[in-house]
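Source file: final_23.txt. Holds: compact mmCIF, C-alpha atoms.
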```txt
# COMPACT_ATOMS: atom_id res chain seq x y z
CA MET O 17 117.67 -1.17 -9.47
CA SER O 18 117.58 -3.95 -12.05
CA PRO O 19 119.57 -3.66 -15.29
CA SER O 20 117.76 -1.86 -18.06
CA LEU O 21 116.77 -3.35 -21.39
CA PRO O 22 119.47 -3.14 -24.11
CA ARG O 23 118.32 -1.15 -27.05
CA GLU O 24 119.54 -3.70 -29.58
CA GLY O 25 116.85 -6.09 -28.33
CA ASN O 26 114.09 -3.66 -29.22
CA ALA O 27 113.83 -2.13 -32.66
CA ARG O 28 110.90 0.03 -33.59
CA ALA O 29 108.45 -0.79 -36.36
CA GLY O 30 109.40 1.29 -39.37
CA ALA O 31 112.72 2.38 -37.85
CA THR O 32 115.33 3.74 -40.25
CA PRO O 33 118.96 2.52 -40.25
CA ALA O 34 119.94 5.76 -38.51
CA SER O 35 117.40 5.25 -35.77
CA GLU O 36 118.49 1.64 -35.34
CA ALA O 37 122.03 2.90 -34.76
CA ILE O 38 120.66 5.05 -31.98
CA LEU O 39 118.92 1.98 -30.59
CA ALA O 40 122.30 0.36 -30.03
CA GLU O 41 123.03 2.64 -27.07
CA PRO O 42 122.00 1.54 -23.55
CA VAL O 43 118.93 3.08 -21.99
CA ALA O 44 118.30 4.28 -18.48
CA ASP O 45 115.65 2.79 -16.25
CA ALA O 46 111.96 3.70 -16.22
CA GLY O 47 112.67 6.82 -14.17
CA SER O 48 115.03 8.19 -16.79
CA ASP O 49 114.40 11.07 -19.16
CA GLU O 50 115.31 8.82 -22.10
CA VAL O 51 112.90 6.69 -24.13
CA PRO O 52 113.95 3.93 -26.54
CA GLY O 53 113.73 4.04 -30.30
CA SER O 54 113.02 6.65 -32.90
CA PRO O 55 110.85 9.68 -32.06
CA GLN O 56 107.09 9.41 -32.17
CA ARG O 57 105.01 11.37 -34.62
CA ARG O 58 103.70 14.71 -33.40
CA SER O 59 100.22 13.19 -33.29
CA PHE O 60 101.28 10.48 -30.81
CA LEU O 61 100.47 12.40 -27.61
CA PHE O 62 97.05 13.32 -28.97
CA PHE O 63 96.23 9.70 -29.81
CA PHE O 64 97.67 8.55 -26.47
CA VAL O 65 95.41 10.89 -24.49
CA LEU O 66 92.45 10.11 -26.74
CA ALA O 67 92.87 6.35 -26.12
CA TRP O 68 93.13 7.01 -22.37
CA PHE O 69 89.92 9.04 -22.61
CA GLY O 70 88.17 6.35 -24.68
CA LEU O 71 89.04 3.48 -22.36
CA SER O 72 87.95 5.55 -19.34
CA LEU O 73 84.73 6.44 -21.14
CA ALA O 74 83.95 2.81 -21.93
CA THR O 75 84.77 1.19 -18.60
CA GLY O 76 83.82 4.13 -16.37
CA THR O 77 80.47 4.74 -18.01
CA ILE O 78 79.53 1.08 -18.18
CA GLY O 79 80.61 0.26 -14.64
CA GLY O 80 79.58 3.52 -12.99
CA ALA O 81 76.39 4.50 -14.80
CA ALA O 82 75.02 1.91 -17.23
CA ILE O 83 75.18 -1.22 -15.05
CA PRO O 84 73.79 0.55 -11.95
CA LYS O 85 70.94 1.88 -14.10
CA VAL O 86 70.16 -1.62 -15.37
CA PHE O 87 69.96 -2.91 -11.80
CA ALA O 88 67.84 0.04 -10.65
CA PHE O 89 65.24 -0.83 -13.29
CA LEU O 90 65.67 -4.60 -13.03
CA ASP O 91 64.98 -4.94 -9.29
CA ASP O 92 65.07 -1.86 -7.10
CA ASP O 93 65.04 -3.85 -3.84
CA THR O 94 68.21 -5.81 -4.64
CA LYS O 95 70.09 -3.25 -6.75
CA GLY O 96 72.77 -2.60 -4.12
CA LEU O 97 73.54 -6.29 -3.64
CA ASN O 98 73.50 -6.97 -7.39
CA LEU O 99 75.93 -4.11 -8.01
CA SER O 100 78.22 -5.28 -5.21
CA ILE O 101 78.32 -8.81 -6.67
CA THR O 102 79.02 -7.55 -10.17
CA ALA O 103 81.66 -5.04 -9.04
CA ALA O 104 83.42 -7.62 -6.86
CA ILE O 105 83.59 -10.26 -9.60
CA GLY O 106 84.72 -7.67 -12.14
CA GLY O 107 87.34 -6.50 -9.66
CA ILE O 108 88.75 -10.00 -9.28
CA VAL O 109 88.93 -10.45 -13.04
CA VAL O 110 90.68 -7.16 -13.74
CA MET O 111 93.16 -7.78 -10.90
CA VAL O 112 94.13 -11.11 -12.43
CA ILE O 113 94.39 -10.08 -16.05
CA THR O 114 96.05 -6.63 -15.90
CA PRO O 115 99.52 -7.57 -14.61
CA LEU O 116 99.40 -10.77 -16.68
CA PHE O 117 98.54 -8.96 -19.90
CA GLY O 118 101.11 -6.30 -19.08
CA ARG O 119 103.80 -8.96 -18.76
CA PHE O 120 102.67 -10.70 -21.93
CA SER O 121 102.97 -7.40 -23.79
CA ASP O 122 106.51 -6.99 -22.41
CA ARG O 123 107.36 -10.36 -23.99
CA THR O 124 105.45 -9.91 -27.27
CA MET O 125 107.57 -10.35 -30.41
CA SER O 126 104.94 -9.47 -33.02
CA SER O 127 105.99 -7.47 -36.07
CA LEU O 128 103.27 -5.03 -34.99
CA GLY O 129 105.21 -4.24 -31.82
CA LYS O 130 104.96 -4.99 -28.10
CA ARG O 131 101.90 -2.94 -27.22
CA ARG O 132 99.88 -2.49 -30.44
CA PRO O 133 98.51 -6.07 -30.65
CA TRP O 134 97.14 -5.76 -27.13
CA ILE O 135 95.64 -2.33 -27.76
CA LEU O 136 93.68 -3.49 -30.80
CA GLY O 137 92.92 -7.05 -29.70
CA GLY O 138 91.70 -5.87 -26.32
CA ALA O 139 89.39 -3.31 -27.94
CA ILE O 140 87.84 -6.02 -30.14
CA ALA O 141 87.30 -8.37 -27.18
CA GLY O 142 85.88 -5.53 -25.09
CA THR O 143 83.37 -4.77 -27.82
CA VAL O 144 82.13 -8.38 -27.64
CA GLY O 145 81.45 -7.89 -23.93
CA VAL O 146 79.64 -4.64 -24.63
CA VAL O 147 77.27 -6.47 -26.99
CA VAL O 148 76.53 -9.07 -24.28
CA LEU O 149 75.72 -6.29 -21.81
CA ALA O 150 73.59 -4.43 -24.32
CA PHE O 151 71.12 -7.30 -24.51
CA SER O 152 71.42 -8.73 -20.99
CA GLY O 153 68.22 -9.36 -19.05
CA SER O 154 69.49 -10.95 -15.84
CA VAL O 155 72.11 -10.36 -13.17
CA TRP O 156 74.35 -13.18 -14.39
CA MET O 157 74.23 -12.01 -18.01
CA VAL O 158 75.39 -8.61 -16.77
CA VAL O 159 78.19 -10.30 -14.80
CA LEU O 160 79.27 -12.29 -17.87
CA GLY O 161 79.29 -9.21 -20.10
CA TRP O 162 81.21 -7.19 -17.53
CA ILE O 163 83.85 -9.92 -17.21
CA ILE O 164 84.42 -9.87 -20.98
CA VAL O 165 84.55 -6.08 -21.02
CA GLN O 166 87.08 -6.05 -18.18
CA CYS O 167 89.26 -8.65 -19.93
CA GLY O 168 89.14 -6.89 -23.29
CA PHE O 169 89.48 -3.25 -22.38
CA GLY O 170 91.74 -4.28 -19.48
CA ALA O 171 94.25 -5.65 -22.01
CA SER O 172 94.13 -2.39 -23.96
CA ASN O 173 94.45 -0.39 -20.77
CA ALA O 174 97.51 -2.34 -19.61
CA ALA O 175 99.26 -1.65 -22.91
CA VAL O 176 98.33 2.05 -22.95
CA HIS O 177 99.56 2.55 -19.38
CA ALA O 178 102.86 0.83 -20.26
CA LEU O 179 103.41 3.48 -22.94
CA LEU O 180 103.75 6.08 -20.19
CA ALA O 181 107.03 4.45 -19.18
CA ASP O 182 107.95 3.34 -22.72
CA GLN O 183 107.42 6.58 -24.58
CA ILE O 184 107.01 9.59 -22.26
CA PRO O 185 110.23 11.34 -21.06
CA LYS O 186 110.46 12.02 -17.34
CA ARG O 187 110.71 15.79 -17.84
CA ILE O 188 107.13 15.96 -19.19
CA ARG O 189 105.69 12.83 -17.60
CA ALA O 190 103.66 14.57 -14.90
CA ARG O 191 102.12 16.97 -17.42
CA VAL O 192 101.24 14.18 -19.85
CA ALA O 193 99.87 12.08 -17.00
CA ALA O 194 97.91 15.11 -15.79
CA VAL O 195 96.31 15.65 -19.19
CA ALA O 196 95.54 11.94 -19.52
CA SER O 197 94.01 11.89 -16.04
CA ALA O 198 92.00 15.02 -16.82
CA SER O 199 90.71 13.28 -19.94
CA ALA O 200 89.60 10.38 -17.74
CA GLY O 201 87.71 12.82 -15.54
CA LEU O 202 86.14 14.40 -18.60
CA ALA O 203 85.16 10.89 -19.73
CA LEU O 204 83.08 10.51 -16.57
CA ILE O 205 81.12 13.65 -17.42
CA VAL O 206 80.65 12.66 -21.05
CA GLY O 207 79.63 9.13 -20.06
CA ALA O 208 77.14 10.17 -17.39
CA SER O 209 75.68 12.78 -19.74
CA LEU O 210 75.33 10.16 -22.48
CA ILE O 211 73.46 7.79 -20.16
CA ALA O 212 71.19 10.62 -19.01
CA ALA O 213 70.46 11.68 -22.60
CA LEU O 214 69.81 8.21 -24.01
CA PRO O 215 66.24 6.85 -23.76
CA ASN O 216 65.37 4.94 -20.59
CA GLY O 217 63.84 2.21 -22.75
CA ALA O 218 66.92 1.67 -24.94
CA GLN O 219 69.22 -0.38 -22.73
CA TRP O 220 71.36 -1.41 -25.70
CA SER O 221 72.41 2.20 -26.27
CA TRP O 222 73.70 2.61 -22.70
CA PHE O 223 76.44 0.11 -23.53
CA LEU O 224 77.02 0.24 -27.27
CA VAL O 225 77.60 4.00 -27.46
CA PRO O 226 80.42 4.28 -24.86
CA GLY O 227 81.81 0.89 -25.86
CA ALA O 228 82.05 1.82 -29.53
CA LEU O 229 83.80 5.10 -28.69
CA GLY O 230 86.32 3.31 -26.48
CA ALA O 231 87.12 0.80 -29.21
CA LEU O 232 87.40 3.50 -31.88
CA PHE O 233 89.81 5.68 -29.92
CA SER O 234 91.95 2.65 -29.05
CA ALA O 235 92.14 1.80 -32.76
CA LEU O 236 93.36 5.32 -33.55
CA LEU O 237 96.26 4.86 -31.13
CA PHE O 238 97.01 1.49 -32.72
CA PHE O 239 97.51 3.18 -36.08
CA GLY O 240 99.28 6.25 -34.65
CA LEU O 241 101.91 4.49 -32.50
CA ARG O 242 105.47 3.74 -33.59
CA ASP O 243 105.78 0.77 -31.31
CA ILE O 244 108.91 -1.01 -30.11
CA VAL O 245 109.39 -4.32 -31.94
CA ARG O 246 111.12 -6.82 -29.73
CA THR O 247 113.83 -8.73 -31.62
CA GLU O 248 115.54 -10.38 -28.66
CA ARG O 249 113.67 -13.50 -27.57
CA PRO O 250 112.69 -13.33 -23.88
CA ALA O 251 113.71 -16.00 -21.40
CA PRO O 252 111.48 -19.09 -21.43
CA TRP O 253 108.29 -18.69 -19.46
CA LYS O 254 108.28 -20.54 -16.12
CA TRP O 255 105.45 -21.14 -13.68
CA SER O 256 107.36 -19.09 -11.12
CA ASP O 257 106.92 -16.16 -13.50
CA VAL O 258 103.17 -16.29 -12.84
CA VAL O 259 103.72 -15.51 -9.16
CA ALA O 260 106.34 -12.89 -10.01
CA THR O 261 103.81 -11.21 -12.29
CA TYR O 262 101.77 -10.17 -9.25
CA TRP O 263 104.58 -9.53 -6.79
CA LEU O 264 107.43 -7.13 -6.07
CA ASP O 265 109.44 -7.51 -2.88
CA PRO O 266 108.23 -4.69 -0.57
CA ILE O 267 111.50 -4.80 1.38
CA ARG O 268 113.76 -4.54 -1.65
CA TYR O 269 111.52 -1.98 -3.38
CA ARG O 270 110.28 0.03 -0.40
CA ASP O 271 109.50 3.20 -2.33
CA PHE O 272 107.41 1.27 -4.83
CA PHE O 273 105.54 -0.42 -1.98
CA TRP O 274 104.71 2.87 -0.23
CA ALA O 275 103.64 4.56 -3.47
CA TRP O 276 101.50 1.51 -4.31
CA SER O 277 99.89 1.56 -0.83
CA CYS O 278 99.13 5.27 -1.18
CA ARG O 279 97.38 4.74 -4.48
CA LEU O 280 95.42 1.74 -3.13
CA LEU O 281 94.06 3.70 -0.15
CA VAL O 282 93.26 6.85 -2.12
CA THR O 283 91.43 4.77 -4.71
CA MET O 284 89.54 2.97 -1.94
CA SER O 285 88.35 6.39 -0.80
CA ILE O 286 87.10 7.64 -4.16
CA VAL O 287 85.62 4.29 -5.25
CA SER O 288 83.62 4.16 -2.01
CA VAL O 289 81.90 7.34 -3.14
CA SER O 290 81.68 6.83 -6.90
CA THR O 291 80.45 3.23 -7.04
CA TYR O 292 77.29 3.93 -5.05
CA LEU O 293 76.75 7.51 -6.20
CA LEU O 294 73.63 6.76 -8.24
CA PHE O 295 72.05 4.88 -5.35
CA PHE O 296 72.97 7.70 -2.94
CA ILE O 297 71.12 10.10 -5.20
CA ILE O 298 68.07 7.82 -5.36
CA ASP O 299 67.86 6.64 -1.75
CA HIS O 300 69.51 9.42 0.26
CA LEU O 301 68.58 12.49 -1.76
CA GLY O 302 65.17 11.10 -2.74
CA VAL O 303 65.51 11.62 -6.50
CA PRO O 304 63.28 9.31 -8.63
CA ALA O 305 65.18 6.62 -10.53
CA GLU O 306 63.98 8.05 -13.86
CA GLU O 307 65.67 11.38 -13.06
CA ALA O 308 68.67 10.20 -11.07
CA SER O 309 71.01 9.81 -14.04
CA GLY O 310 70.63 13.52 -14.79
CA VAL O 311 71.50 14.45 -11.20
CA GLN O 312 74.44 12.07 -11.34
CA ALA O 313 75.68 13.82 -14.48
CA ILE O 314 75.49 17.22 -12.72
CA THR O 315 77.39 15.83 -9.73
CA LEU O 316 80.12 14.45 -11.97
CA ILE O 317 80.35 17.74 -13.83
CA VAL O 318 80.97 19.54 -10.54
CA PHE O 319 83.53 16.92 -9.53
CA THR O 320 85.33 17.03 -12.87
CA VAL O 321 85.50 20.83 -13.13
CA GLY O 322 87.49 20.93 -9.91
CA ASN O 323 89.42 17.85 -10.99
CA ILE O 324 90.56 19.11 -14.39
CA VAL O 325 91.60 22.58 -13.19
CA MET O 326 93.74 21.20 -10.38
CA THR O 327 95.13 18.36 -12.52
CA ILE O 328 96.54 20.72 -15.12
CA LEU O 329 97.76 23.25 -12.53
CA PHE O 330 99.56 20.81 -10.28
CA GLY O 331 100.93 18.72 -13.15
CA TRP O 332 102.71 21.88 -14.34
CA ILE O 333 103.82 22.81 -10.82
CA SER O 334 105.14 19.31 -10.15
CA ASP O 335 107.20 19.15 -13.35
CA ARG O 336 108.61 22.65 -12.76
CA THR O 337 109.56 21.97 -9.13
CA GLY O 338 110.30 18.23 -9.40
CA ARG O 339 108.21 17.66 -6.27
CA ARG O 340 105.57 14.95 -5.95
CA LYS O 341 105.14 13.87 -2.30
CA GLY O 342 103.93 17.16 -0.82
CA ILE O 343 101.22 17.49 -3.46
CA VAL O 344 100.07 13.92 -2.80
CA TRP O 345 99.64 14.19 0.97
CA ALA O 346 98.08 17.65 0.77
CA SER O 347 95.55 16.42 -1.79
CA CYS O 348 94.62 13.49 0.45
CA ALA O 349 93.93 15.84 3.35
CA LEU O 350 91.80 18.07 1.10
CA SER O 351 89.83 15.06 -0.16
CA ALA O 352 89.07 14.01 3.42
CA ALA O 353 87.88 17.56 4.17
CA GLY O 354 85.56 17.55 1.16
CA LEU O 355 84.02 14.24 2.18
CA LEU O 356 83.49 15.61 5.68
CA VAL O 357 81.56 18.54 4.20
CA ALA O 358 79.41 16.13 2.17
CA ILE O 359 78.58 14.12 5.31
CA ALA O 360 78.05 16.99 7.74
CA ALA O 361 75.89 19.13 5.43
CA PRO O 362 73.82 17.20 2.85
CA ASP O 363 72.54 20.47 1.40
CA MET O 364 76.18 21.31 0.60
CA PHE O 365 76.85 17.94 -0.99
CA LEU O 366 77.87 19.48 -4.32
CA VAL O 367 80.33 21.78 -2.54
CA GLY O 368 81.87 18.78 -0.86
CA ILE O 369 82.06 16.94 -4.18
CA LEU O 370 83.74 20.00 -5.76
CA ILE O 371 86.41 19.94 -3.02
CA VAL O 372 86.92 16.19 -3.47
CA GLY O 373 87.21 16.65 -7.23
CA ALA O 374 89.83 19.37 -6.83
CA ALA O 375 91.77 17.21 -4.39
CA GLN O 376 91.67 14.20 -6.70
CA GLY O 377 92.84 16.39 -9.57
CA ALA O 378 95.90 17.49 -7.62
CA TYR O 379 96.55 13.88 -6.63
CA VAL O 380 96.36 12.26 -10.07
CA SER O 381 98.47 15.03 -11.61
CA VAL O 382 101.54 13.66 -9.84
CA ASP O 383 100.60 10.13 -8.75
CA ILE O 384 101.16 8.39 -12.09
CA ALA O 385 104.43 10.24 -12.64
CA LEU O 386 105.54 9.27 -9.13
CA MET O 387 104.72 5.61 -9.75
CA THR O 388 106.78 5.50 -12.95
CA GLU O 389 109.75 7.00 -11.09
CA VAL O 390 109.80 4.20 -8.49
CA LEU O 391 109.46 1.32 -11.00
CA PRO O 392 112.22 -1.25 -10.42
CA THR O 393 113.09 -1.79 -14.10
CA PHE O 394 112.44 -0.50 -17.61
CA GLU O 395 112.46 -3.95 -19.23
CA GLU O 396 109.33 -5.11 -17.41
CA ALA O 397 107.48 -1.79 -17.34
CA GLY O 398 104.31 -3.47 -18.62
CA LYS O 399 104.33 -6.06 -15.84
CA ASP O 400 105.31 -3.56 -13.14
CA LEU O 401 102.68 -1.07 -14.26
CA GLY O 402 100.26 -4.00 -14.17
CA ILE O 403 101.11 -4.35 -10.49
CA VAL O 404 100.58 -0.61 -10.18
CA ALA O 405 97.18 -1.11 -11.80
CA LEU O 406 96.26 -3.54 -9.02
CA SER O 407 96.37 -0.62 -6.61
CA TYR O 408 93.38 0.98 -8.30
CA GLN O 409 91.69 -2.25 -9.36
CA LEU O 410 91.80 -4.05 -6.03
CA PRO O 411 89.37 -1.47 -4.59
CA GLN O 412 86.78 -2.68 -7.11
CA LEU O 413 86.78 -5.91 -5.10
CA LEU O 414 87.43 -4.54 -1.62
CA VAL O 415 84.98 -1.64 -1.63
CA PRO O 416 81.85 -3.75 -2.34
CA VAL O 417 82.93 -6.21 0.36
CA VAL O 418 83.42 -3.39 2.88
CA ALA O 419 80.33 -1.48 1.75
CA VAL O 420 77.78 -4.25 2.37
CA PRO O 421 78.16 -4.30 6.19
CA LEU O 422 78.68 -0.53 6.38
CA LEU O 423 75.50 0.23 4.45
CA ALA O 424 73.61 -2.25 6.64
CA ILE O 425 74.42 -0.35 9.86
CA GLY O 426 71.27 1.02 11.48
CA GLY O 427 68.84 -0.79 9.19
CA GLY O 428 70.37 -0.19 5.76
CA GLU O 429 71.44 2.54 3.30
CA ASN O 430 73.89 4.05 5.82
CA TYR O 431 75.88 6.25 3.46
CA THR O 432 77.34 8.22 6.38
CA ALA O 433 79.24 5.12 7.53
CA LEU O 434 80.48 4.53 3.98
CA TYR O 435 81.71 8.13 3.65
CA VAL O 436 83.44 8.00 7.05
CA ALA O 437 85.32 4.95 5.80
CA ALA O 438 86.24 6.92 2.67
CA ILE O 439 87.68 9.71 4.87
CA VAL O 440 89.80 7.19 6.78
CA PHE O 441 91.12 5.71 3.54
CA ALA O 442 92.10 9.18 2.25
CA VAL O 443 93.98 10.10 5.43
CA LEU O 444 95.87 6.79 5.50
CA GLY O 445 96.72 7.24 1.82
CA GLY O 446 98.28 10.62 2.51
CA LEU O 447 100.38 9.20 5.33
CA SER O 448 101.61 6.32 3.16
CA VAL O 449 103.53 8.58 0.76
CA LEU O 450 105.69 10.13 3.49
CA PRO O 451 108.26 7.26 3.84
CA ILE O 452 109.24 7.42 0.12
CA LYS O 453 112.93 8.33 -0.15
CA SER O 454 113.83 8.45 -3.86
CA VAL O 455 111.21 11.02 -4.94
CA ARG O 456 110.81 14.50 -3.45
```
In structure tokens, write the structure found in this file.
Amino acid sequence: MSPSLPREGNARAGATPASEAILAEPVADAGSDEVPGSPQRRSFLFFFVLAWFGLSLATGTIGGAAIPKVFAFLDDDTKGLNLSITAAIGGIVVMVITPLFGRFSDRTMSSLGKRRPWILGGAIAGTVGVVVLAFSGSVWMVVLGWIIVQCGFGASNAAVHALLADQIPKRIRARVAAVASASAGLALIVGASLIAALPNGAQWSWFLVPGALGALFSALLFFGLRDIVRTERPAPWKWSDVVATYWLDPIRYRDFFWAWSCRLLVTMSIVSVSTYLLFFIIDHLGVPAEEASGVQAITLIVFTVGNIVMTILFGWISDRTGRRKGIVWASCALSAAGLLVAIAAPDMFLVGILIVGAAQGAYVSVDIALMTEVLPTFEEAGKDLGIVALSYQLPQLLVPVVAVPLLAIGGGENYTALYVAAIVFAVLGGLSVLPIKSVR
């Protein structure tokens, strides 16, 4: 385990002399129950969860509902290919920028703090991308807008995720992560419902409404956070640091590697289903494109009901028992079972989705907490959590690449093959958590 960051190198904006005296004591690593600096305001957790919700609402709604709807109306025959291209390019961008922005925030010496400039600046940049998408009329304009959105809100997201290690004590981390994850699930429902309720002829509203909410909620966290102000100048930036930004030695940090692999595979499973959900509803269930957004909203409601209930329940159970691994592998097995139901009985598709939602809720309730407990160091939590973020961003690139040949099996639109692949990913994800030694 690398040495932790000395407190004297990180004061907090607005800290009193008494709190700065406290800052002079050494801190534990990112798996500790201690957090640096003076206490946050009581409103901090509310604003933290609200920002998590807002960023999920913006990126999830735009990527999962608004862009697919644009392509469905733009050219129905090529919508699957257009979405795959856009998702893959967006996936590459977010993979590149998230660890990099996380590391930059670790090194930031602004008087505003380490994370706050990235939270607000990212929200502003993301809003620019939303405007581009709102008035896009071609595939490449959509791609351009999505790239800007991913860069902007990705910067905010990297900073917000780093706060989980910076500011949330270990003893409540699973519960806070569970509530934040539940808010992300709720964001999917709200977003899909918004797209279904907005007029089919008002493309601008599909993007500006969720984008504006995401930016607004990020700004509230910016004003509500007592951020750490870095006073100790970091080591000079070297080109070797660029490579290190995207890499942790899997031999030296075995537990981190296995936890990362688990999250990658589980995310591959759920992204395989969620990315093409609207097209499944249109092409496999036979719902007209004009009505499909409403059906998608109902499906996401079913998913999220199961998700939220299990997220809260197992977040509490995990913090009370201190156990993470058993919940993770059991949730992966349950997710695979739910997908099997969805494949084997199309008329029970919603039942299968409910099971998958419950399984994902149990998984996310402990997954984020588990990841923070296997981080190598506190000092570079932003960078390391950026590497963690790759595990759920890489699927944005990999899933479209894998989906194109799978959907083409048997003449096209082979969603059974895609769902079988999702089952395999879930099972492998559950197996990947078993070798972890440092977390129960």
query = Suppose you want the space between atom CA of O:Leu356 and atom CA of O:Ala208; what is it in Å?
reply =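 Separating atom CA of O:Leu356 from atom CA of O:Ala208 is a distance of 24.5 Å.
With all atoms listed in the file as the atoms that count, the minimum distance from O:Ala193 to the choices O:Val325, O:Leu444, O:Ala74, O:Leu61 is reached by O:Leu61.
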ask   = O:Gly310: which residues within 8 Å, counting all atoms listed in the file, same-chain residues fewer than 2 positions away excluded, as an MDAnalysis selection string?
value = chainID O and resid 208:209 212 307:308 312:314
request  = Just give me the residues with any atom within 12 Å of (66.0, 4.4, -22.0), file coordinates, counting all atoms listed in the file, written as a PyMOL selection string.
outcome  = chain O and resi 82+85-86+89+150+210-223+305-307+309
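Of the listed residues (O:Val415, O:Met387, O:Leu434, O:Leu301), O:Met387 comes nearest to O:Phe273; the distances count all atoms listed in the file.
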key: Closest of O:Thr283, O:Phe120, O:Gly322, O:Ala174 to O:Trp253 - atom-to-atom distances counting all atoms listed in the file   =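 Residue with the minimum atom-to-atom distance to O:Trp253: O:Phe120.
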inquiry  = What's around O:Ser234 at 9 Å? Count only C-alpha atoms, leave out sequence neighbours fewer than 5 positions away in its own chain, and write the answer as a ChimeraX atom specification.
reply    = /O:63-64,66-68,70-71,135-136,138-139,172,176,229,239
message = Between O:Leu293, O:Leu422, O:Ile188, O:Ile140, which residue has the minimum interatomic distance to O:Val165, considering all atoms listed in the file?
response = O:Ile140
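From atom CA of O:Ile425 back to atom CA of O:Thr94, the distance works out to 16.7 Å.
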task = Could you tell me how far atom CA of O:Val417 lies from atom CA of O:Ser100, in Å and to one decimal?
result =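 Taking atom CA of O:Val417 and atom CA of O:Ser100, their separation equals 7.4 Å.
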key: Nearest residue to O:Ser290 from the set O:Gln412, O:Ser347, O:Ser154, O:Ser381 (distances using all atoms listed in the file)   =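 Among the listed residues, the smallest separation from O:Ser290 belongs to O:Gln412.
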Selected residue of minimal separation from O:Ala175 among O:Gly201, O:Gly142, O:Val148, O:Phe238, counting all atoms listed in the file =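 Using all atoms listed in the file, the shortest distance to O:Ala175 belongs to O:Phe238.
All residues of protein, DNA or RNA that reach within 6 Å of O:Phe319, judged by all atoms listed in the file and not counting those fewer than 6 positions away in the chain, are Ile369, Leu370 and Gly373 of chain O.
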message = When you look at O:Leu423 with a cut-off of 12 Å (counting only C-alpha atoms), what residues show up, excluding the ones that are within fewer than 2 positions of it in the same chain? I need them as an MDAnalysis selection string.
response = chainID O and resid 96:97 100 288 292 295:296 299:300 415:421 425:437
